[in-house]
file model38.txt (compact mmCIF, C-alpha atoms)
# COMPACT_ATOMS: atom_id res chain seq x y z
CA MET C 1 25.46 11.61 -25.91
CA LYS C 2 21.76 10.93 -26.49
CA ASP C 3 20.89 8.66 -23.55
CA PHE C 4 21.56 9.85 -20.01
CA ALA C 5 19.98 11.11 -16.82
CA ALA C 6 20.69 14.63 -15.58
CA ILE C 7 20.62 14.79 -11.80
CA ASP C 8 20.81 17.57 -9.23
CA PHE C 9 20.88 17.39 -5.44
CA GLU C 10 20.28 20.18 -2.95
CA THR C 11 21.55 19.77 0.60
CA ALA C 12 20.25 21.05 3.91
CA ASN C 13 23.61 21.72 5.50
CA GLU C 14 27.35 21.24 5.00
CA LYS C 15 27.09 17.43 5.18
CA ARG C 16 26.96 15.66 1.81
CA THR C 17 24.47 13.18 3.32
CA SER C 18 21.96 15.97 3.98
CA ILE C 19 20.20 15.71 0.62
CA CYS C 20 16.90 17.56 0.93
CA SER C 21 15.75 17.48 -2.70
CA VAL C 22 16.58 15.77 -5.96
CA GLY C 23 15.71 16.46 -9.56
CA VAL C 24 16.17 13.87 -12.31
CA VAL C 25 15.64 14.35 -16.04
CA VAL C 26 15.85 11.23 -18.20
CA VAL C 27 16.94 11.69 -21.82
CA ARG C 28 16.62 8.93 -24.41
CA GLU C 29 17.46 9.32 -28.08
CA GLY C 30 18.09 13.01 -27.42
CA LEU C 31 14.59 13.67 -26.03
CA ILE C 32 13.45 14.26 -22.47
CA VAL C 33 11.22 11.30 -21.66
CA ASP C 34 10.82 11.51 -17.89
CA LYS C 35 11.24 13.94 -15.00
CA LEU C 36 11.16 13.45 -11.26
CA TYR C 37 11.37 15.89 -8.36
CA LYS C 38 11.29 14.81 -4.73
CA LEU C 39 11.76 16.44 -1.38
CA ILE C 40 13.77 14.29 1.02
CA LYS C 41 14.09 14.34 4.80
CA PRO C 42 17.80 15.12 5.17
CA PHE C 43 20.30 13.41 7.42
CA PRO C 44 21.35 15.04 9.60
CA ASN C 45 18.01 16.79 9.74
CA TYR C 46 18.86 20.46 10.14
CA TYR C 47 19.15 23.39 7.76
CA THR C 48 21.77 26.10 7.86
CA PRO C 49 20.71 29.67 7.10
CA TRP C 50 23.22 29.67 4.23
CA THR C 51 21.68 26.65 2.46
CA THR C 52 18.15 27.92 3.02
CA ARG C 53 19.13 31.24 1.41
CA ILE C 54 20.41 29.31 -1.61
CA HIS C 55 17.46 27.01 -2.31
CA GLY C 56 14.70 28.30 -0.05
CA LEU C 57 13.98 24.98 1.65
CA THR C 58 13.50 24.63 5.41
CA GLU C 59 12.82 21.86 7.93
CA LYS C 60 9.11 22.56 7.57
CA ASP C 61 9.29 21.72 3.85
CA THR C 62 10.76 18.28 4.46
CA GLU C 63 9.40 17.29 7.87
CA SER C 64 7.03 14.73 6.35
CA ALA C 65 9.15 13.93 3.29
CA PRO C 66 10.42 10.39 2.70
CA ASP C 67 14.01 9.52 3.56
CA PHE C 68 16.72 9.05 0.96
CA PRO C 69 16.43 5.24 0.55
CA GLU C 70 12.72 5.47 -0.26
CA VAL C 71 13.29 8.14 -2.90
CA TRP C 72 16.39 6.46 -4.33
CA HIS C 73 14.46 3.23 -4.89
CA GLN C 74 11.99 5.24 -7.01
CA ILE C 75 14.86 6.74 -9.03
CA ILE C 76 16.83 3.53 -9.69
CA PRO C 77 14.47 2.10 -12.35
CA LYS C 78 14.42 5.43 -14.20
CA ILE C 79 18.22 5.72 -14.49
CA LYS C 80 19.13 2.05 -14.91
CA ASN C 81 22.06 1.61 -17.32
CA LEU C 82 22.30 5.36 -17.97
CA PRO C 83 25.28 7.62 -17.32
CA LEU C 84 24.54 10.54 -15.00
CA VAL C 85 25.18 14.15 -15.92
CA ALA C 86 25.47 17.05 -13.49
CA HIS C 87 26.79 20.60 -13.48
CA ASN C 88 29.81 20.47 -11.17
CA SER C 89 29.37 16.71 -11.02
CA SER C 90 31.91 16.27 -8.22
CA PHE C 91 29.38 17.78 -5.79
CA ASP C 92 26.44 15.65 -6.91
CA GLU C 93 28.53 12.50 -7.15
CA SER C 94 29.90 13.04 -3.64
CA CYS C 95 26.37 13.57 -2.29
CA LEU C 96 25.15 10.39 -3.94
CA LYS C 97 28.08 8.31 -2.69
CA ALA C 98 27.76 9.69 0.84
CA ALA C 99 24.02 8.99 0.99
CA LEU C 100 24.38 5.49 -0.46
CA THR C 101 27.12 4.69 2.05
CA LEU C 102 25.21 6.16 4.99
CA HIS C 103 22.11 4.13 4.22
CA GLY C 104 23.94 0.92 3.29
CA ILE C 105 22.67 0.95 -0.29
CA GLU C 106 24.83 -0.91 -2.78
CA ASP C 107 26.68 1.55 -5.00
CA THR C 108 26.49 0.39 -8.60
CA GLU C 109 29.25 2.81 -9.66
CA TYR C 110 27.40 5.33 -11.75
CA THR C 111 29.39 7.04 -14.48
CA PHE C 112 29.19 10.82 -14.13
CA TYR C 113 29.74 13.44 -16.82
CA CYS C 114 30.16 17.10 -15.95
CA THR C 115 28.57 19.94 -17.90
CA LEU C 116 30.73 22.45 -16.00
CA ARG C 117 33.92 20.84 -17.34
CA ALA C 118 32.37 20.58 -20.81
CA ALA C 119 31.38 24.25 -20.74
CA ARG C 120 34.89 25.32 -19.72
CA ARG C 121 36.26 23.26 -22.59
CA PHE C 122 33.85 24.28 -25.35
CA LEU C 123 32.48 27.71 -24.38
CA LYS C 124 35.33 30.18 -24.22
CA GLY C 125 34.96 33.73 -22.98
CA LEU C 126 31.96 33.43 -20.66
CA PRO C 127 32.01 35.77 -17.65
CA ASN C 128 31.63 32.67 -15.42
CA TYR C 129 30.60 29.04 -15.78
CA ARG C 130 27.74 28.97 -13.31
CA LEU C 131 24.71 26.95 -14.38
CA PRO C 132 22.51 29.97 -15.27
CA THR C 133 25.27 31.53 -17.40
CA VAL C 134 26.07 28.31 -19.26
CA SER C 135 22.43 27.35 -19.80
CA ASN C 136 21.68 30.84 -21.13
CA CYS C 137 24.62 30.60 -23.52
CA CYS C 138 23.19 27.28 -24.76
CA GLY C 139 19.78 28.86 -25.34
CA TYR C 140 18.00 27.69 -22.19
CA CYS C 141 16.57 30.17 -19.67
CA LEU C 142 17.02 28.85 -16.13
CA ALA C 143 14.32 30.70 -14.20
CA HIS C 144 14.55 28.88 -10.84
CA HIS C 145 18.22 28.22 -10.13
CA HIS C 146 18.78 25.92 -7.13
CA HIS C 147 15.46 24.16 -7.57
CA ALA C 148 16.70 20.61 -8.12
CA LEU C 149 14.41 19.82 -11.07
CA ALA C 150 15.01 23.18 -12.78
CA ASP C 151 18.77 22.69 -12.43
CA ALA C 152 18.56 19.12 -13.76
CA GLU C 153 16.54 20.34 -16.76
CA ALA C 154 19.12 23.05 -17.49
CA CYS C 155 21.90 20.50 -17.15
CA ALA C 156 20.13 18.12 -19.55
CA TYR C 157 19.79 20.89 -22.10
CA ILE C 158 23.49 21.81 -21.79
CA ALA C 159 24.51 18.15 -22.09
CA LEU C 160 22.48 17.78 -25.27
CA LYS C 161 24.31 20.80 -26.73
CA LEU C 162 27.85 20.09 -25.51
CA LEU C 163 28.31 16.39 -24.85

call {"tool": "encode", "arguments": {"input": "model38.txt", "output": "structure tokens"}}
result
Amino acid sequence: MKDFAAIDFETANEKRTSICSVGVVVVREGLIVDKLYKLIKPFPNYYTPWTTRIHGLTEKDTESAPDFPEVWHQIIPKIKNLPLVAHNSSFDESCLKAALTLHGIEDTEYTFYCTLRAARRFLKGLPNYRLPTVSNCCGYCLAHHHHALADAEACAYIALKLL
């Protein structure tokens, strides 16, 4: 696969609609051609201590951030006609579907590919299949795990190696 968009969402709480940041890396002809990172005001707008420990974001970080529809409309032209790739894609796909439904945005049925499933298939013997472990095995050092853009970049690199 040489043309795709790697995407990663972080959420503020246990609700899939609570997207608080997104990272997108667009790959064309096997090269990264565009990147986007946005903070998003989540819905519902509260953070759990658990999610903040994971990604470090708080209500203060997103209090003046745009809402999901505004950010999504910036992303749509970048990913048009591209399959989406994510590590543990079921999470990111469920977040996207929940947010699109919540905000009444037409779902154009994006095709998702999963680097976690690919890693389990092609990379035998790893101690685990977490994003930092898999990206390291593929030669990419993920320095800021759970930053949406850093995770999307790692995912893009893995996809270029495995898909």

call {"tool": "closest_residue", "arguments": {"input": "model38.txt", "among": "C:Leu39, C:Ala150, C:Ile75, C:Cys155", "to": "C:Thr62", "atoms": "all atoms listed in the file"}}
result
C:Leu39

call {"tool": "residues_around", "arguments": {"input": "model38.txt", "residues": "C:Glu59", "least_positions_apart": "6", "cutoff": "12 Å", "atoms": "only C-alpha atoms", "output": "list in words"}}
result
Thr11, Ala12, Asn13, Ser18, Cys20, Ser21, Leu39, Ile40, Lys41, Pro42, Phe43, Pro44, Asn45, Tyr46, Tyr47, Thr48, Pro49, Thr51, Thr52 and Ala65 of chain C

call {"tool": "residues_around", "arguments": {"input": "model38.txt", "residues": "stretch 97-113 of chain C", "least_positions_apart": "6", "cutoff": "10 Å", "atoms": "all atoms listed in the file", "output": "ChimeraX atom specification"}}
result
/C:4-7,15-19,42-43,67-69,72-73,79-90,159,163

call {"tool": "write_last_selection", "arguments": {"input": "model38.txt", "atoms": "C-alpha atoms", "output": "JSON list (two decimals), keeping the file's coordinate frame"}}
result
[["chain", "number", "residue", "atom", "x", "y", "z"],
["C", 4, "PHE", "CA", 21.56, 9.85, -20.01],
["C", 5, "ALA", "CA", 19.98, 11.11, -16.82],
["C", 6, "ALA", "CA", 20.69, 14.63, -15.58],
["C", 7, "ILE", "CA", 20.62, 14.79, -11.80],
["C", 15, "LYS", "CA", 27.09, 17.43, 5.18],
["C", 16, "ARG", "CA", 26.96, 15.66, 1.81],
["C", 17, "THR", "CA", 24.47, 13.18, 3.32],
["C", 18, "SER", "CA", 21.96, 15.97, 3.98],
["C", 19, "ILE", "CA", 20.20, 15.71, 0.62],
["C", 42, "PRO", "CA", 17.80, 15.12, 5.17],
["C", 43, "PHE", "CA", 20.30, 13.41, 7.42],
["C", 67, "ASP", "CA", 14.01, 9.52, 3.56],
["C", 68, "PHE", "CA", 16.72, 9.05, 0.96],
["C", 69, "PRO", "CA", 16.43, 5.24, 0.55],
["C", 72, "TRP", "CA", 16.39, 6.46, -4.33],
["C", 73, "HIS", "CA", 14.46, 3.23, -4.89],
["C", 79, "ILE", "CA", 18.22, 5.72, -14.49],
["C", 80, "LYS", "CA", 19.13, 2.05, -14.91],
["C", 81, "ASN", "CA", 22.06, 1.61, -17.32],
["C", 82, "LEU", "CA", 22.30, 5.36, -17.97],
["C", 83, "PRO", "CA", 25.28, 7.62, -17.32],
["C", 84, "LEU", "CA", 24.54, 10.54, -15.00],
["C", 85, "VAL", "CA", 25.18, 14.15, -15.92],
["C", 86, "ALA", "CA", 25.47, 17.05, -13.49],
["C", 87, "HIS", "CA", 26.79, 20.60, -13.48],
["C", 88, "ASN", "CA", 29.81, 20.47, -11.17],
["C", 89, "SER", "CA", 29.37, 16.71, -11.02],
["C", 90, "SER", "CA", 31.91, 16.27, -8.22],
["C", 159, "ALA", "CA", 24.51, 18.15, -22.09],
["C", 163, "LEU", "CA", 28.31, 16.39, -24.85]]

call {"tool": "closest_residue", "arguments": {"input": "model38.txt", "among": "C:Val71, C:Leu160, C:Leu126, C:Ile54", "to": "C:Tyr140", "atoms": "all atoms listed in the file"}}
result
C:Leu160

call {"tool": "atom_distance", "arguments": {"input": "model38.txt", "atom1": "atom CA of C:Tyr157", "atom2": "atom CA of C:Ile76"}}
result
21.5 Å

call {"tool": "atom_distance", "arguments": {"input": "model38.txt", "atom1": "atom CA of C:His145", "atom2": "atom CA of C:Glu10"}}
result
11.0 Å

call {"tool": "closest_residue", "arguments": {"input": "model38.txt", "among": "C:Asp61, C:Asp34, C:Glu70, C:Asp92", "to": "C:Phe9", "atoms": "all atoms listed in the file"}}
result
C:Asp92

call {"tool": "atom_distance", "arguments": {"input": "model38.txt", "atom1": "atom CA of C:Arg120", "atom2": "atom CA of C:Arg53"}}
result
27.0 Å

call {"tool": "residues_around", "arguments": {"input": "model38.txt", "residues": "C:Leu36", "least_positions_apart": "2", "cutoff": "7 Å", "atoms": "all atoms listed in the file", "output": "mmCIF file with C-alpha atoms, in the coordinates of the input"}}
result
data_model
loop_
_atom_site.group_PDB
_atom_site.id
_atom_site.type_symbol
_atom_site.label_atom_id
_atom_site.label_comp_id
_atom_site.auth_asym_id
_atom_site.auth_seq_id
_atom_site.Cartn_x
_atom_site.Cartn_y
_atom_site.Cartn_z
ATOM 1 C CA GLY C 23 15.710 16.460 -9.560
ATOM 2 C CA VAL C 24 16.170 13.870 -12.310
ATOM 3 C CA VAL C 25 15.640 14.350 -16.040
ATOM 4 C CA ASP C 34 10.820 11.510 -17.890
ATOM 5 C CA LYS C 38 11.290 14.810 -4.730
#

call {"tool": "build_atoms", "arguments": {"input": "model38.txt", "residues": "stretch 88-99 of chain C", "atoms": "all heavy atoms", "output": "tab-separated table (two decimals), keeping the file's coordinate frame"}}
result
chain	number	residue	atom	x	y	z
C	88	ASN	N	28.91	20.64	-12.31
C	88	ASN	CA	29.81	20.47	-11.17
C	88	ASN	C	29.55	19.09	-10.56
C	88	ASN	O	29.19	18.96	-9.40
C	88	ASN	CB	29.67	21.58	-10.13
C	88	ASN	CG	30.76	21.53	-9.09
C	88	ASN	OD1	31.80	20.91	-9.29
C	88	ASN	ND2	30.53	22.18	-7.97
C	89	SER	N	29.73	18.09	-11.38
C	89	SER	CA	29.37	16.71	-11.02
C	89	SER	C	30.07	16.20	-9.76
C	89	SER	O	29.54	15.32	-9.08
C	89	SER	CB	29.63	15.77	-12.18
C	89	SER	OG	31.01	15.71	-12.48
C	90	SER	N	31.22	16.75	-9.42
C	90	SER	CA	31.91	16.27	-8.22
C	90	SER	C	31.05	16.47	-6.98
C	90	SER	O	31.04	15.62	-6.08
C	90	SER	CB	33.27	16.95	-8.05
C	90	SER	OG	33.13	18.34	-7.92
C	91	PHE	N	30.28	17.56	-6.93
C	91	PHE	CA	29.38	17.78	-5.79
C	91	PHE	C	28.27	16.74	-5.77
C	91	PHE	O	28.05	16.07	-4.76
C	91	PHE	CB	28.77	19.19	-5.84
C	91	PHE	CG	27.71	19.40	-4.80
C	91	PHE	CD1	28.05	19.66	-3.49
C	91	PHE	CD2	26.36	19.31	-5.12
C	91	PHE	CE1	27.08	19.84	-2.51
C	91	PHE	CE2	25.38	19.48	-4.16
C	91	PHE	CZ	25.74	19.75	-2.85
C	92	ASP	N	27.57	16.57	-6.88
C	92	ASP	CA	26.44	15.65	-6.91
C	92	ASP	C	26.89	14.21	-6.73
C	92	ASP	O	26.23	13.43	-6.03
C	92	ASP	CB	25.65	15.84	-8.21
C	92	ASP	CG	25.07	17.23	-8.29
C	92	ASP	OD1	24.05	17.49	-7.65
C	92	ASP	OD2	25.67	18.09	-8.98
C	93	GLU	N	28.01	13.86	-7.32
C	93	GLU	CA	28.53	12.50	-7.15
C	93	GLU	C	28.91	12.25	-5.70
C	93	GLU	O	28.63	11.17	-5.16
C	93	GLU	CB	29.73	12.29	-8.07
C	93	GLU	CG	30.23	10.87	-8.08
C	93	GLU	CD	31.31	10.60	-9.12
C	93	GLU	OE1	31.80	11.55	-9.76
C	93	GLU	OE2	31.65	9.42	-9.29
C	94	SER	N	29.52	13.23	-5.04
C	94	SER	CA	29.90	13.04	-3.64
C	94	SER	C	28.67	12.94	-2.74
C	94	SER	O	28.67	12.17	-1.78
C	94	SER	CB	30.84	14.16	-3.17
C	94	SER	OG	30.17	15.40	-3.09
C	95	CYS	N	27.62	13.69	-3.05
C	95	CYS	CA	26.37	13.57	-2.29
C	95	CYS	C	25.78	12.18	-2.46
C	95	CYS	O	25.36	11.55	-1.47
C	95	CYS	CB	25.36	14.62	-2.73
C	95	CYS	SG	25.77	16.30	-2.26
C	96	LEU	N	25.72	11.70	-3.68
C	96	LEU	CA	25.15	10.39	-3.94
C	96	LEU	C	25.95	9.31	-3.22
C	96	LEU	O	25.38	8.46	-2.52
C	96	LEU	CB	25.10	10.12	-5.44
C	96	LEU	CG	24.57	8.74	-5.85
C	96	LEU	CD1	23.17	8.50	-5.30
C	96	LEU	CD2	24.59	8.59	-7.36
C	97	LYS	N	27.25	9.33	-3.35
C	97	LYS	CA	28.08	8.31	-2.69
C	97	LYS	C	27.94	8.36	-1.17
C	97	LYS	O	27.84	7.32	-0.52
C	97	LYS	CB	29.54	8.47	-3.09
C	97	LYS	CG	29.82	8.01	-4.51
C	97	LYS	CD	31.30	8.08	-4.82
C	97	LYS	CE	31.60	7.62	-6.23
C	97	LYS	NZ	31.34	6.24	-6.49
C	98	ALA	N	27.90	9.56	-0.61
C	98	ALA	CA	27.76	9.69	0.84
C	98	ALA	C	26.42	9.15	1.32
C	98	ALA	O	26.35	8.44	2.33
C	98	ALA	CB	27.92	11.16	1.25
C	99	ALA	N	25.35	9.46	0.60
C	99	ALA	CA	24.02	8.99	0.99
C	99	ALA	C	23.90	7.48	0.82
C	99	ALA	O	23.32	6.80	1.68
C	99	ALA	CB	22.95	9.71	0.18
